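Data block for entry_31.txt (compact mmCIF, C-alpha atoms and all ligand atoms):
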# COMPACT_ATOMS: atom_id res chain seq x y z
CA ARG F 14 -23.38 -18.59 3.11
CA GLN F 15 -21.40 -18.69 6.34
CA ILE F 16 -19.71 -22.00 5.52
CA ASP F 17 -18.41 -20.58 2.23
CA GLN F 18 -17.08 -17.50 4.01
CA LEU F 19 -15.27 -19.72 6.53
CA ARG F 20 -13.82 -21.85 3.73
CA ASP F 21 -12.66 -18.70 1.96
CA ILE F 22 -10.92 -17.41 5.13
CA ARG F 23 -9.29 -20.77 5.71
CA ASN F 24 -7.97 -20.86 2.13
CA LYS F 25 -6.58 -17.32 2.40
CA VAL F 26 -4.81 -18.10 5.70
CA THR F 27 -3.38 -21.37 4.32
CA ARG F 28 -2.09 -19.55 1.24
CA PHE F 29 -0.67 -16.76 3.43
CA MET F 30 1.29 -19.23 5.61
CA MET F 31 2.43 -21.26 2.58
CA MET F 32 4.18 -18.20 1.16
CA TYR F 33 6.45 -18.13 4.22
CA LYS F 34 7.22 -21.84 3.83
CA PHE F 35 8.18 -21.30 0.16
CA ALA F 36 10.31 -18.25 1.00
CA LEU F 37 12.19 -20.23 3.66
CA GLU F 38 12.78 -23.12 1.26
CA GLU F 39 14.19 -20.75 -1.37
CA LEU F 40 16.48 -19.07 1.12
CA GLU F 41 17.69 -22.39 2.56
CA THR F 42 18.61 -23.53 -0.96
CA LYS F 43 20.63 -20.34 -1.46
CA ILE F 44 22.44 -20.90 1.84
CA ASN F 45 23.22 -24.55 0.96
CA ILE F 46 24.70 -23.47 -2.37
CA LEU F 47 26.91 -20.86 -0.66
CA ASN F 48 28.04 -23.40 1.92
CA GLU F 49 28.95 -26.05 -0.65
CA GLU F 50 30.73 -23.58 -2.91
CA PHE F 51 32.71 -22.21 0.04
CA HIS F 52 33.67 -25.76 1.04
CA LEU F 53 34.95 -26.44 -2.45
CA LEU F 54 37.13 -23.31 -2.44
CA HIS F 55 38.34 -23.19 1.16
CA GLU F 56 38.02 -26.79 2.38
CA TYR F 57 35.81 -26.03 5.34
CA ASN F 58 32.13 -25.33 5.86
CA PRO F 59 31.41 -21.84 7.20
CA ILE F 60 27.94 -22.98 8.23
CA GLU F 61 27.56 -25.42 11.10
CA HIS F 62 23.80 -25.73 10.76
CA THR F 63 20.63 -23.89 9.82
CA LYS F 64 17.23 -23.97 11.43
CA SER F 65 14.05 -22.48 10.08
CA ARG F 66 10.78 -21.83 11.83
CA ILE F 67 7.40 -20.32 11.07
CA LYS F 68 5.78 -18.40 13.91
CA SER F 69 2.73 -20.12 15.37
CA PRO F 70 -0.66 -18.36 14.92
CA GLU F 71 -0.79 -17.82 18.75
CA SER F 72 2.60 -16.15 18.71
CA ILE F 73 1.62 -13.98 15.69
CA LEU F 74 -1.55 -12.84 17.49
CA GLU F 75 0.36 -12.16 20.73
CA LYS F 76 2.89 -10.00 18.86
CA LEU F 77 0.10 -8.25 16.95
CA ASN F 78 -1.59 -7.36 20.26
CA ARG F 79 1.73 -6.06 21.60
CA LYS F 80 2.54 -4.03 18.50
CA GLY F 81 -1.04 -2.91 17.87
CA GLY F 82 -1.27 -3.48 14.10
CA GLY F 83 -4.42 -4.05 12.01
CA GLU F 84 -5.81 -7.56 11.69
CA SER F 85 -6.05 -7.93 7.90
CA LEU F 86 -3.52 -10.34 6.36
CA ALA F 87 -1.90 -7.45 4.46
CA SER F 88 -1.35 -5.51 7.65
CA ILE F 89 -0.14 -8.57 9.61
CA LYS F 90 2.41 -9.10 6.85
CA GLU F 91 3.81 -5.58 7.32
CA THR F 92 3.59 -5.49 11.14
CA ILE F 93 5.03 -8.93 11.93
CA ARG F 94 8.08 -9.23 9.75
CA ASP F 95 9.53 -12.28 11.46
CA ILE F 96 6.75 -14.78 10.71
CA ALA F 97 9.41 -16.74 8.82
CA GLY F 98 12.77 -17.05 10.53
CA LEU F 99 16.02 -18.65 9.44
CA ARG F 100 18.84 -19.10 11.94
CA ILE F 101 22.30 -19.77 10.55
CA THR F 102 24.99 -20.97 12.94
CA CYS F 103 28.60 -20.45 11.85
CA SER F 104 31.99 -21.40 13.18
CA PHE F 105 33.61 -17.97 13.17
CA VAL F 106 32.52 -14.32 13.33
CA GLU F 107 34.12 -13.54 9.94
CA ASP F 108 31.90 -16.23 8.38
CA ILE F 109 28.83 -14.34 9.62
CA TYR F 110 29.85 -11.20 7.71
CA TRP F 111 30.80 -13.26 4.66
CA ILE F 112 27.33 -14.84 4.53
CA SER F 113 25.71 -11.47 5.07
CA GLU F 114 27.72 -9.96 2.17
CA MET F 115 26.82 -12.91 -0.08
CA LEU F 116 23.11 -12.45 0.67
CA LYS F 117 23.35 -8.69 0.06
CA ASN F 118 24.91 -9.43 -3.36
CA GLN F 119 22.10 -11.68 -4.56
CA SER F 120 20.16 -9.61 -7.04
CA ASP F 121 16.79 -11.25 -6.38
CA LEU F 122 16.98 -10.67 -2.60
CA HIS F 123 16.17 -7.34 -1.04
CA VAL F 124 17.87 -6.67 2.29
CA VAL F 125 15.45 -4.33 4.00
CA GLU F 126 17.20 -3.90 7.34
CA ILE F 127 20.32 -5.03 9.17
CA LYS F 128 20.64 -5.10 12.97
CA ASP F 129 24.19 -5.73 14.03
CA TYR F 130 24.01 -6.98 17.60
CA ILE F 131 27.62 -8.18 17.26
CA LYS F 132 29.11 -4.71 16.87
CA ASN F 133 26.41 -3.37 19.20
CA PRO F 134 25.39 -6.16 21.61
CA LYS F 135 22.12 -5.80 23.55
CA PRO F 136 22.62 -4.67 27.20
CA ASN F 137 21.91 -8.25 28.41
CA GLY F 138 24.80 -9.54 26.25
CA TYR F 139 22.79 -10.86 23.26
CA ARG F 140 24.89 -11.00 20.07
CA SER F 141 23.81 -11.98 16.52
CA LEU F 142 23.55 -10.39 13.11
CA HIS F 143 19.93 -9.93 12.00
CA LEU F 144 19.02 -9.39 8.36
CA LEU F 145 15.47 -8.67 7.33
CA VAL F 146 15.20 -9.82 3.72
CA GLN F 147 12.44 -9.98 1.16
CA VAL F 148 12.46 -13.17 -0.87
CA PRO F 149 10.49 -13.18 -4.15
CA VAL F 150 8.12 -16.14 -4.25
CA PHE F 151 6.98 -17.05 -7.76
CA MET F 152 3.40 -18.33 -7.99
CA SER F 153 1.46 -19.41 -11.08
CA ASP F 154 -0.15 -16.00 -11.53
CA ARG F 155 2.12 -13.57 -9.64
CA GLN F 156 5.31 -12.90 -7.77
CA GLU F 157 5.23 -11.86 -4.13
CA PRO F 158 8.01 -10.48 -1.94
CA VAL F 159 7.98 -12.31 1.41
CA TYR F 160 9.77 -11.16 4.58
CA VAL F 161 12.20 -13.55 6.26
CA GLU F 162 14.21 -12.67 9.35
CA VAL F 163 17.68 -14.17 9.09
CA GLN F 164 19.68 -14.49 12.32
CA ILE F 165 23.35 -15.31 11.80
CA ARG F 166 25.49 -16.21 14.83
CA THR F 167 28.40 -18.33 16.00
CA ILE F 168 28.02 -21.55 17.96
CA ALA F 169 29.03 -19.68 21.15
CA MET F 170 26.44 -16.92 20.52
CA ASP F 171 23.79 -19.56 19.82
CA PHE F 172 24.64 -21.51 22.98
CA TRP F 173 24.28 -18.34 25.05
CA ALA F 174 21.05 -17.19 23.33
CA SER F 175 19.27 -20.52 23.75
CA LEU F 176 20.06 -20.68 27.48
CA GLU F 177 19.12 -17.03 28.00
CA HIS F 178 15.84 -17.66 26.13
CA LYS F 179 15.01 -20.58 28.46
CA ILE F 180 15.85 -18.55 31.59
CA PHE F 181 13.86 -15.54 30.32
CA TYR F 182 10.76 -17.71 29.79
CA LYS F 183 11.21 -19.61 33.07
CA TYR F 184 11.07 -16.31 34.99
CA ASP F 185 8.42 -14.87 32.69
CA GLY F 186 10.72 -11.98 31.80
CA SER F 187 11.56 -11.00 35.41
CA VAL F 188 14.96 -12.66 35.70
CA PRO F 189 16.62 -12.13 39.15
CA PRO F 190 19.47 -9.55 38.98
CA ARG F 191 22.09 -12.13 40.06
CA LEU F 192 21.23 -14.35 37.07
CA LEU F 193 21.23 -11.34 34.73
CA GLU F 194 24.73 -10.50 35.89
CA GLU F 195 25.91 -14.07 35.41
CA LEU F 196 24.37 -14.17 31.96
CA LYS F 197 26.18 -10.96 31.00
CA ASP F 198 29.38 -12.49 32.32
CA ALA F 199 28.77 -15.66 30.26
CA ALA F 200 28.15 -13.49 27.17
CA ASP F 201 31.54 -11.83 27.68
CA SER F 202 33.17 -15.29 27.98
CA ALA F 203 31.44 -16.37 24.74
CA THR F 204 32.85 -13.26 23.00
CA ALA F 205 36.34 -14.07 24.31
CA LEU F 206 35.98 -17.69 23.13
CA ASP F 207 34.92 -16.53 19.64
CA ARG F 208 38.00 -14.29 19.43
CA LYS F 209 40.32 -17.06 20.59
CA MET F 210 38.88 -19.64 18.17
CA GLU F 211 39.09 -17.21 15.25
CA LYS F 212 42.73 -16.44 16.08
CA LEU F 213 43.57 -20.17 16.19
CA HIS F 214 41.70 -20.75 12.95
CA LYS F 215 43.68 -17.99 11.19
CA GLU F 216 46.97 -19.39 12.49
CA ILE F 217 46.11 -22.85 11.16
CA GLU F 218 45.05 -21.40 7.80
CA ALA F 219 48.38 -19.52 7.55
CA ILE F 220 50.36 -22.70 8.33
CA LYS F 221 48.34 -24.62 5.73
CA SER F 222 48.98 -22.09 2.98
CA ALA F 223 52.71 -21.90 3.83
CA GLU F 224 52.91 -25.71 3.56
CA GLU F 225 51.05 -25.69 0.25
CA GLU F 226 53.38 -23.02 -1.14
CA ALA F 227 56.45 -24.97 0.01
CA SER F 228 55.20 -28.23 -1.53
CA GLU F 229 54.57 -26.49 -4.87
CA GLY F 230 58.30 -25.60 -4.96
CA PRO F 231 59.90 -22.59 -6.69
CA GLU F 232 58.30 -21.42 -9.90
CA LEU F 233 60.26 -22.51 -13.00
CA LEU F 234 60.91 -19.85 -15.59
P1 LIG J 1 11.59 -16.26 18.84
O1 LIG J 1 10.81 -17.24 19.63
O2 LIG J 1 13.07 -16.62 18.77
O3 LIG J 1 11.03 -15.98 17.50
P2 LIG J 1 10.41 -7.55 17.84
O4 LIG J 1 10.72 -8.62 16.81
O5 LIG J 1 9.63 -6.41 17.26
O6 LIG J 1 9.87 -8.11 19.14
P3 LIG J 1 12.77 -6.39 17.28
O7 LIG J 1 13.62 -5.41 18.02
O8 LIG J 1 12.17 -5.96 16.01
O9 LIG J 1 11.72 -6.94 18.26
O10 LIG J 1 13.49 -7.72 16.95
P4 LIG J 1 14.98 -8.13 17.07
O11 LIG J 1 15.72 -7.32 18.03
O12 LIG J 1 15.46 -8.18 15.67
O13 LIG J 1 14.85 -9.58 17.72
C1 LIG J 1 13.91 -10.49 17.34
C2 LIG J 1 14.41 -11.92 17.59
O14 LIG J 1 15.81 -11.93 17.91
C3 LIG J 1 13.75 -12.58 18.79
O15 LIG J 1 12.58 -13.18 18.33
C4 LIG J 1 14.80 -13.61 19.21
O16 LIG J 1 14.77 -14.74 18.37
C5 LIG J 1 16.08 -12.85 18.97
N1 LIG J 1 16.47 -12.05 20.14
C6 LIG J 1 16.50 -10.71 20.23
N2 LIG J 1 16.93 -10.32 21.43
C7 LIG J 1 17.21 -11.43 22.13
C8 LIG J 1 17.70 -11.67 23.46
O17 LIG J 1 17.97 -10.77 24.23
N3 LIG J 1 17.85 -12.98 23.82
C9 LIG J 1 17.56 -14.02 22.98
N4 LIG J 1 17.77 -15.26 23.44
N5 LIG J 1 17.08 -13.82 21.73
C10 LIG J 1 16.90 -12.55 21.31
P5 LIG J 1 11.34 -13.47 19.29
O18 LIG J 1 10.11 -13.28 18.48
O19 LIG J 1 11.46 -12.64 20.54
O20 LIG J 1 11.53 -14.95 19.71
Once you've parsed the file, please lay out its structure as structure tokens.
Ligand code: 0O2
Amino acid sequence: RQIDQLRDIRNKVTRFMMMYKFALEELETKINILNEEFHLLHEYNPIEHTKSRIKSPESILEKLNRKGGGESLASIKETIRDIAGLRITCSFVEDIYWISEMLKNQSDLHVVEIKDYIKNPKPNGYRSLHLLVQVPVFMSDRQEPVYVEVQIRTIAMDFWASLEHKIFYKYDGSVPPRLLEELKDAADSATALDRKMEKLHKEIEAIKSAEEEASEGPELL
């Protein structure tokens, strides 16, 4: 019967989307553990905040049309690999690479692809580190690897990207050249700010460790 077929499709789609929710929850827990452990060892949090999102069905269909993949759930899963997204905002660029290394070292995660838009920024000035990971989701009867796109960036990179995103959508992709130039200029300023903040941070860390060493006094034999 048609109603049973519809119910079956609905259940499959619900289950499909739930897998992404579970994968995001697992990954967020991993990130929280790393952040707390880092805080314990180094007395600061490398992660300012995290934000997760699941792509809306409209956005999935739009991307599917653009990319031209098949419409079965199995093929959507392979074509649209950013249905689940986790954005991690850090204080300093070195924290980004630290988090990325920590994720690469986790034996149950599979890092499928890395796009380093920090070392190689996009022509418009976009910077971020993108990791495509597969997170194993354990169900009652099976285990399924689920794609999550992780974007790791500094506060300055995030500030720039969210404004650029708004401008891009406001002009429906055809941003006037003057604004494009100003955005590129702002991206360069954000890069300079990141460098300056990291330099200051390192100086403060060096002063702190020198003070700690001095307060411990000379080692007694
Ligand atoms: P949303 O709404 O943030 O999810 P593709 O994913 O196939 O379209 P590609 O090259 O595989 O493209 O993906 P890439 O380069 O890894 O970038 C995908 C995501 O990175 C985008 O997702 C944005 O979130 C972000 N991004 C990439 N380039 C830019 C940019 O120039 N400006 C801004 N603000 N964000 C960018 P979505 O699905 O486009 O958007």
Would you give the centre and edge lengths, in Å to one decimal, of a box along x, y and z around the listed atoms of segment 129-136 of chain F, with 5 Å added to each side, as AutoDock Vina command-line options?
--center_x 25.6 --center_y -5.8 --center_z 20.6 --size_x 17.0 --size_y 14.8 --size_z 23.2
- request: Could you give me, as a list of chain:residue names, the residues that have an atom at most 10 Å away from the point (19.7, -10.9, 25.6) in the coordinates of the file, using only C-alpha atoms?
  value: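 Final list of nearby residues, as requested, is F:Tyr130, F:Pro134, F:Lys135, F:Pro136, F:Asn137, F:Gly138, F:Tyr139, F:Arg140, F:Trp173, F:Ala174, F:Ser175, F:Leu176, F:Glu177, F:His178, F:Phe181, F:Leu193, F:Leu196, F:Lys197, F:Ala200.
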List every protein, DNA or RNA residue that has an atom no more than 12 Å from (11.0, -11.9, 0.4) in the file's coordinate frame, counting all atoms listed in the file, and report them as a compact mmCIF listing (two decimals) with C-alpha atoms, in the frame of the given file.
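See result-v4.txt below for the written result:
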# COMPACT_ATOMS: atom_id res chain seq x y z
CA MET F 32 4.18 -18.20 1.16
CA TYR F 33 6.45 -18.13 4.22
CA LYS F 34 7.22 -21.84 3.83
CA PHE F 35 8.18 -21.30 0.16
CA ALA F 36 10.31 -18.25 1.00
CA LEU F 37 12.19 -20.23 3.66
CA GLU F 38 12.78 -23.12 1.26
CA GLU F 39 14.19 -20.75 -1.37
CA LEU F 40 16.48 -19.07 1.12
CA LYS F 90 2.41 -9.10 6.85
CA GLU F 91 3.81 -5.58 7.32
CA ARG F 94 8.08 -9.23 9.75
CA ASP F 95 9.53 -12.28 11.46
CA ILE F 96 6.75 -14.78 10.71
CA ALA F 97 9.41 -16.74 8.82
CA GLY F 98 12.77 -17.05 10.53
CA ASP F 121 16.79 -11.25 -6.38
CA LEU F 122 16.98 -10.67 -2.60
CA HIS F 123 16.17 -7.34 -1.04
CA VAL F 124 17.87 -6.67 2.29
CA VAL F 125 15.45 -4.33 4.00
CA LEU F 144 19.02 -9.39 8.36
CA LEU F 145 15.47 -8.67 7.33
CA VAL F 146 15.20 -9.82 3.72
CA GLN F 147 12.44 -9.98 1.16
CA VAL F 148 12.46 -13.17 -0.87
CA PRO F 149 10.49 -13.18 -4.15
CA VAL F 150 8.12 -16.14 -4.25
CA PHE F 151 6.98 -17.05 -7.76
CA GLN F 156 5.31 -12.90 -7.77
CA GLU F 157 5.23 -11.86 -4.13
CA PRO F 158 8.01 -10.48 -1.94
CA VAL F 159 7.98 -12.31 1.41
CA TYR F 160 9.77 -11.16 4.58
CA VAL F 161 12.20 -13.55 6.26
CA GLU F 162 14.21 -12.67 9.35
CA VAL F 163 17.68 -14.17 9.09
Practice problem: Could you check how far atom CA of Glu218 of chain F sits from atom CA of Leu53 of chain F, in Å to one decimal? | Solution: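 So the two atoms, atom CA of Glu218 of chain F and atom CA of Leu53 of chain F, lie 15.2 Å apart.
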From atom CA of Thr102 of chain F to atom O16 of ligand LIG 1 (chain J) the spacing works out at 13.1 Å
Using all atoms listed in the file, the shortest atom-to-atom distance to Lys221 of chain F among F:Phe29, F:Leu99, F:Arg208, F:Glu56 belongs to F:Glu56
d(atom O18 of ligand LIG 1 (chain J), atom CA of His143 of chain F) in Å: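 So the two atoms, atom O18 of ligand LIG 1 (chain J) and atom CA of His143 of chain F, lie 12.2 Å apart.
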| Selected residue of minimal separation from ligand LIG 1 (chain J) among F:Ile89, F:Ile67, F:Ile44, F:Ala219, counting all atoms listed in the file |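 Among the listed residues, the smallest separation from ligand LIG 1 (chain J) belongs to F:Ile67.
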For ligand LIG 1 (chain J), which residue out of F:Leu86, F:Ile220, F:Ile127, F:Leu213 is the nearest one, using all atoms listed in the file?
->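 Smallest distance to ligand LIG 1 (chain J) is found for F:Ile127.
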When you count all atoms listed in the file, which of these residues is closest to ligand LIG 1 (chain J): F:Asn118, F:Ser113, F:Thr204, F:Thr92?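 Distance minimum relative to ligand LIG 1 (chain J) lands on F:Thr92.
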